[in-house]
Amino acid sequence: MDKIPVRKNDEFIVDIIDYGADGEGIAKVENFTIFVIGALKNEKCKIHITKVTSSYAFAKVVEIIEKSPYRVEKDCESFPRCGGCNLRHIEYEGTLEIKRQKVQNLVNRTLEDKITVNKTIGMDKPIYYRNKAIYPISSNKEVGIFAGRSHDVIPFKECKIQTLESQKISKYIVENWKDTIYDEKTGKGLLRNIMIREGFATKEIMVVIVQNGTKMYDATNLIKQFPNIKTVVINVNTKETNVVLSRENIIVYGDGYIYDKLGEYIFKISPNSFYQVNPVQTEKIYNLAIEKARLEKQDIICDLYCGIGTIGIFASKYVKKVYGIEIVEEAIKDANENEKLNKVENIEFINGDVEFAFDKLLKKNIKPNVTIVDPPRKGLDEKTIENLCNLGLERLIYISCNPATLVRDLKKLEFVYNIQEITPIDNFCYSSHVECVAVLKLK
């Protein structure tokens, strides 16, 4: 395109023809793409251009001329400034279709086999569903949530996705610690963040107080006020960083961990352990993965990026042997304890980077015929993809929290495997994020 047809502060009346990766509306002006924050597909809007690049622009809605039937009134005073949810203006069933279409668009653009993505598996009650909350504190000494794409703290009256109990606890702590709040600009002060983890099945609560120092916190009144708190931990983080937790934990009260139950299994959760934030939907993910793997008693499974052992333990009763690999040492310690807690005798956990540890395992002549991978957002590394292709597995299940890297990796795997199906699961309701379970079978 020789000339960009839009400039900052221009206004247009446009039709919204699709959704972008983060749920924003997409419009075209002379075939030039404009991402319209807050607009819904099939709406006609008057828009105001806020930013222009060489290949696309951003805009905000000035007026909705023709409204989508999926548009609803917001139910949260902090929306849309807060970065916790960005789809609260859309009826829930509509958000599920947006997520399905997001994955379908990636499939259509990338894969040789243009399979139809399954409907998104939604949540019956998509409210107060997160079992982990990290609360920053505003300069006005109020509990808040970070604004989208920003480090600004937006105070809230009531969050619709964090539990009510975690909100009450965080506000209580800040109210009693107002004089010690950390100031990012000066680097002075003590209280930086509050993290709260909950066992939904056990009702156990862990409070992690992230501090700029090691000063001990008197948790006596906090525990009296909230008797479900089973442990209080100080996480010492004195660095100028956006990373919330350090590796230094000081136990103030309790054992430094809590338990939760998924399905028939009990899991131990420590401050730094990875544990899915939506236990209701996580159980659906694991059950779907196990079902689609069609496990048999003689199967040998590798569970890559196993975390605290959840998927491998779920699969263990159906198979001969499970090998779980995870880079986080604390998670492996929890996984080994979870193995004992659940009296699982056919699982072995290995602490190491999957790229190297999986390769080393295979060189010991251990040959899995089924593998389940659940990598972080960056997806699989090239060596692991090479090993998965060379193995020629009977069945491969790829659980992903990032559809873009999922589809990127599936393209590299489809030379050896047929992509049989992809099912999105709504683990992060009213946000643009979506989990997927992809089922692959050897060609």
# chains A, B, ... in the order shown; residues from 1 in each chain; ligands from 1
$ select_by_dssp --residues "range 61-252 of chain A" --states "strand (DSSP E)" --output "NGL selection string"
:A and (61-66 or 132-136 or 144-146 or 153-155 or 191-198 or 205-211 or 229-236 or 249-252)
$ residues_around --residues "range 358-368 of chain A" --least-positions-apart "3" --cutoff "6 Å" --atoms "only C-alpha atoms" --output "MDAnalysis selection string"
chainID A and resid 300:301 354
$ write_last_selection --atoms "N, CA and C atoms" --output "PDB file, in the first residue's frame"
ATOM      1  N   ILE A 300       3.322 -46.607  27.978  1.00  0.00           N
ATOM      2  CA  ILE A 300       4.350 -45.839  28.697  1.00  0.00           C
ATOM      3  C   ILE A 300       4.205 -44.384  28.268  1.00  0.00           C
ATOM      4  N   ILE A 301       3.985 -43.493  29.254  1.00  0.00           N
ATOM      5  CA  ILE A 301       3.686 -42.082  28.971  1.00  0.00           C
ATOM      6  C   ILE A 301       4.838 -41.203  29.405  1.00  0.00           C
ATOM      7  N   VAL A 354      13.069 -29.580  29.763  1.00  0.00           N
ATOM      8  CA  VAL A 354      12.526 -30.603  28.859  1.00  0.00           C
ATOM      9  C   VAL A 354      13.411 -30.795  27.637  1.00  0.00           C
TER      10      VAL A 354
END
$ closest_atom_pairs --of "range 141-200 of chain A" --to "range 261-285 of chain A" --cutoff "12 Å" --atoms "only C-alpha atoms" --output "JSON lines"
{"residue": "A:Ile161", "atom": "CA", "partner": "A:Asn278", "partner_atom": "CA", "distance": 10.0}
{"residue": "A:Gln162", "atom": "CA", "partner": "A:Val277", "partner_atom": "CA", "distance": 10.0}
{"residue": "A:Thr163", "atom": "CA", "partner": "A:Asn278", "partner_atom": "CA", "distance": 11.1}
{"residue": "A:Ile194", "atom": "CA", "partner": "A:Pro271", "partner_atom": "CA", "distance": 11.5}
{"residue": "A:Met195", "atom": "CA", "partner": "A:Pro271", "partner_atom": "CA", "distance": 8.6}
{"residue": "A:Ile196", "atom": "CA", "partner": "A:Pro271", "partner_atom": "CA", "distance": 9.0}
{"residue": "A:Arg197", "atom": "CA", "partner": "A:Pro271", "partner_atom": "CA", "distance": 8.0}
{"residue": "A:Glu198", "atom": "CA", "partner": "A:Ile269", "partner_atom": "CA", "distance": 9.3}
{"residue": "A:Gly199", "atom": "CA", "partner": "A:Lys261", "partner_atom": "CA", "distance": 7.3}
{"residue": "A:Phe200", "atom": "CA", "partner": "A:Pro279", "partner_atom": "CA", "distance": 7.4}
$ residues_around --residues "range 133-144 of chain A" --least-positions-apart "2" --cutoff "7 Å" --atoms "only C-alpha atoms" --output "VMD selection string"
chain A and resid 130 to 131 146 153 to 156 162 170 to 171 174 178 181 192 to 197
$ write_last_selection --atoms "C-alpha atoms" --output "short mmCIF file (atom, residue, chain, number, x, y, z; two decimals), in the first residue's frame"
data_model
loop_
_atom_site.label_atom_id
_atom_site.label_comp_id
_atom_site.auth_asym_id
_atom_site.auth_seq_id
_atom_site.Cartn_x
_atom_site.Cartn_y
_atom_site.Cartn_z
CA ARG A 130 -9.56 -17.96 40.06
CA ASN A 131 -7.81 -19.91 42.82
CA PHE A 146 -2.90 -3.75 36.88
CA VAL A 153 -2.79 -0.06 39.51
CA ILE A 154 -6.58 0.20 39.16
CA PRO A 155 -8.36 -0.03 42.54
CA PHE A 156 -11.59 -2.05 42.54
CA GLN A 162 -11.11 -13.36 41.86
CA SER A 170 -6.05 -8.49 50.62
CA LYS A 171 -8.01 -5.38 51.65
CA VAL A 174 -3.50 -3.32 53.20
CA LYS A 178 -0.89 1.21 55.09
CA ILE A 181 3.45 0.23 51.38
CA ARG A 192 4.91 -4.86 47.51
CA ASN A 193 2.22 -7.37 46.53
CA ILE A 194 -0.18 -9.85 48.06
CA MET A 195 -0.63 -13.31 46.57
CA ILE A 196 -3.44 -15.56 47.74
CA ARG A 197 -3.84 -19.20 46.71
#
$ select_by_dssp --residues "range 245-373 of chain A" --states "alpha helix (DSSP H)" --output "MDAnalysis selection string"
chainID A and resid 279:293 310:316 329:341 354:363
$ residues_around --residues "Leu410 in chain A" --least-positions-apart "4" --cutoff "9 Å" --atoms "only C-alpha atoms" --output "ChimeraX atom specification"
/A:110-111,398,405-406,414,417,419,438,440
$ residues_around --residues "Leu96 in chain A" --least-positions-apart "2" --cutoff "10 Å" --atoms "only C-alpha atoms" --output "mmCIF file with N, CA and C atoms, in the first residue's frame"
data_model
loop_
_atom_site.group_PDB
_atom_site.id
_atom_site.type_symbol
_atom_site.label_atom_id
_atom_site.label_comp_id
_atom_site.auth_asym_id
_atom_site.auth_seq_id
_atom_site.Cartn_x
_atom_site.Cartn_y
_atom_site.Cartn_z
ATOM 1 N N ILE A 90 -19.293 -8.465 26.422
ATOM 2 C CA ILE A 90 -19.814 -9.453 25.485
ATOM 3 C C ILE A 90 -20.524 -10.566 26.254
ATOM 4 N N GLU A 91 -21.693 -10.955 25.771
ATOM 5 C CA GLU A 91 -22.446 -12.058 26.375
ATOM 6 C C GLU A 91 -21.570 -13.310 26.389
ATOM 7 N N TYR A 92 -21.638 -14.097 27.462
ATOM 8 C CA TYR A 92 -20.656 -15.156 27.684
ATOM 9 C C TYR A 92 -20.562 -16.134 26.511
ATOM 10 N N GLU A 93 -21.710 -16.586 25.980
ATOM 11 C CA GLU A 93 -21.671 -17.524 24.855
ATOM 12 C C GLU A 93 -20.947 -16.912 23.664
ATOM 13 N N GLY A 94 -21.072 -15.603 23.518
ATOM 14 C CA GLY A 94 -20.367 -14.919 22.440
ATOM 15 C C GLY A 94 -18.853 -14.966 22.626
ATOM 16 N N ILE A 98 -15.873 -16.363 20.058
ATOM 17 C CA ILE A 98 -14.696 -15.545 19.712
ATOM 18 C C ILE A 98 -13.420 -16.373 19.894
ATOM 19 N N LYS A 99 -13.351 -17.123 20.980
ATOM 20 C CA LYS A 99 -12.152 -17.914 21.255
ATOM 21 C C LYS A 99 -12.005 -19.060 20.260
ATOM 22 N N ARG A 100 -13.122 -19.693 19.916
ATOM 23 C CA ARG A 100 -13.055 -20.753 18.901
ATOM 24 C C ARG A 100 -12.569 -20.192 17.573
ATOM 25 N N GLN A 101 -13.118 -19.043 17.195
ATOM 26 C CA GLN A 101 -12.750 -18.441 15.917
ATOM 27 C C GLN A 101 -11.297 -17.981 15.913
ATOM 28 N N LYS A 102 -10.819 -17.532 17.062
ATOM 29 C CA LYS A 102 -9.408 -17.135 17.189
ATOM 30 C C LYS A 102 -8.496 -18.300 16.835
ATOM 31 N N LYS A 119 -16.166 -26.616 19.201
ATOM 32 C CA LYS A 119 -16.730 -25.547 20.027
ATOM 33 C C LYS A 119 -15.952 -25.427 21.332
ATOM 34 N N THR A 120 -15.838 -24.205 21.825
ATOM 35 C CA THR A 120 -15.152 -23.964 23.092
ATOM 36 C C THR A 120 -15.962 -24.528 24.251
ATOM 37 N N ILE A 121 -15.300 -25.269 25.120
ATOM 38 C CA ILE A 121 -15.959 -25.803 26.321
ATOM 39 C C ILE A 121 -15.993 -24.700 27.371
ATOM 40 N N GLY A 122 -17.176 -24.232 27.690
ATOM 41 C CA GLY A 122 -17.347 -23.120 28.608
ATOM 42 C C GLY A 122 -17.518 -23.556 30.049
ATOM 43 N N MET A 123 -17.713 -22.570 30.910
ATOM 44 C CA MET A 123 -17.871 -22.792 32.345
ATOM 45 C C MET A 123 -19.313 -22.506 32.735
ATOM 46 N N PRO A 424 -10.870 -25.933 22.135
ATOM 47 C CA PRO A 424 -10.586 -24.856 23.097
ATOM 48 C C PRO A 424 -11.378 -25.077 24.391
ATOM 49 N N ILE A 425 -10.769 -24.724 25.503
ATOM 50 C CA ILE A 425 -11.428 -24.773 26.815
ATOM 51 C C ILE A 425 -11.291 -23.403 27.461
ATOM 52 N N ASP A 426 -12.388 -22.877 27.976
ATOM 53 C CA ASP A 426 -12.380 -21.522 28.541
ATOM 54 C C ASP A 426 -11.900 -21.562 29.978
ATOM 55 N N CYS A 429 -12.130 -17.132 31.852
ATOM 56 C CA CYS A 429 -13.409 -16.578 31.397
ATOM 57 C C CYS A 429 -13.375 -15.051 31.337
ATOM 58 N N TYR A 430 -13.944 -14.510 30.272
ATOM 59 C CA TYR A 430 -14.058 -13.069 30.011
ATOM 60 C C TYR A 430 -12.717 -12.393 29.707
ATOM 61 N N SER A 432 -9.288 -12.703 26.845
ATOM 62 C CA SER A 432 -9.072 -13.199 25.483
ATOM 63 C C SER A 432 -8.231 -14.473 25.463
ATOM 64 N N VAL A 434 -7.173 -18.416 25.996
ATOM 65 C CA VAL A 434 -7.897 -19.675 25.863
ATOM 66 C C VAL A 434 -6.902 -20.836 25.898
#
$ closest_residue --among "A:Leu190, A:Ala289, A:Val232, A:Val6" --to "Thr220 in chain A" --atoms "only C-alpha atoms"
A:Val232
$ atom_distance --atom1 "CA of Lys160 in chain A" --atom2 "CA of Thr95 in chain A"
15.8 Å
$ closest_residue --among "A:Asn212, A:Thr33, A:Ser166, A:Thr186" --to "Phe226 in chain A" --atoms "only C-alpha atoms"
A:Ser166
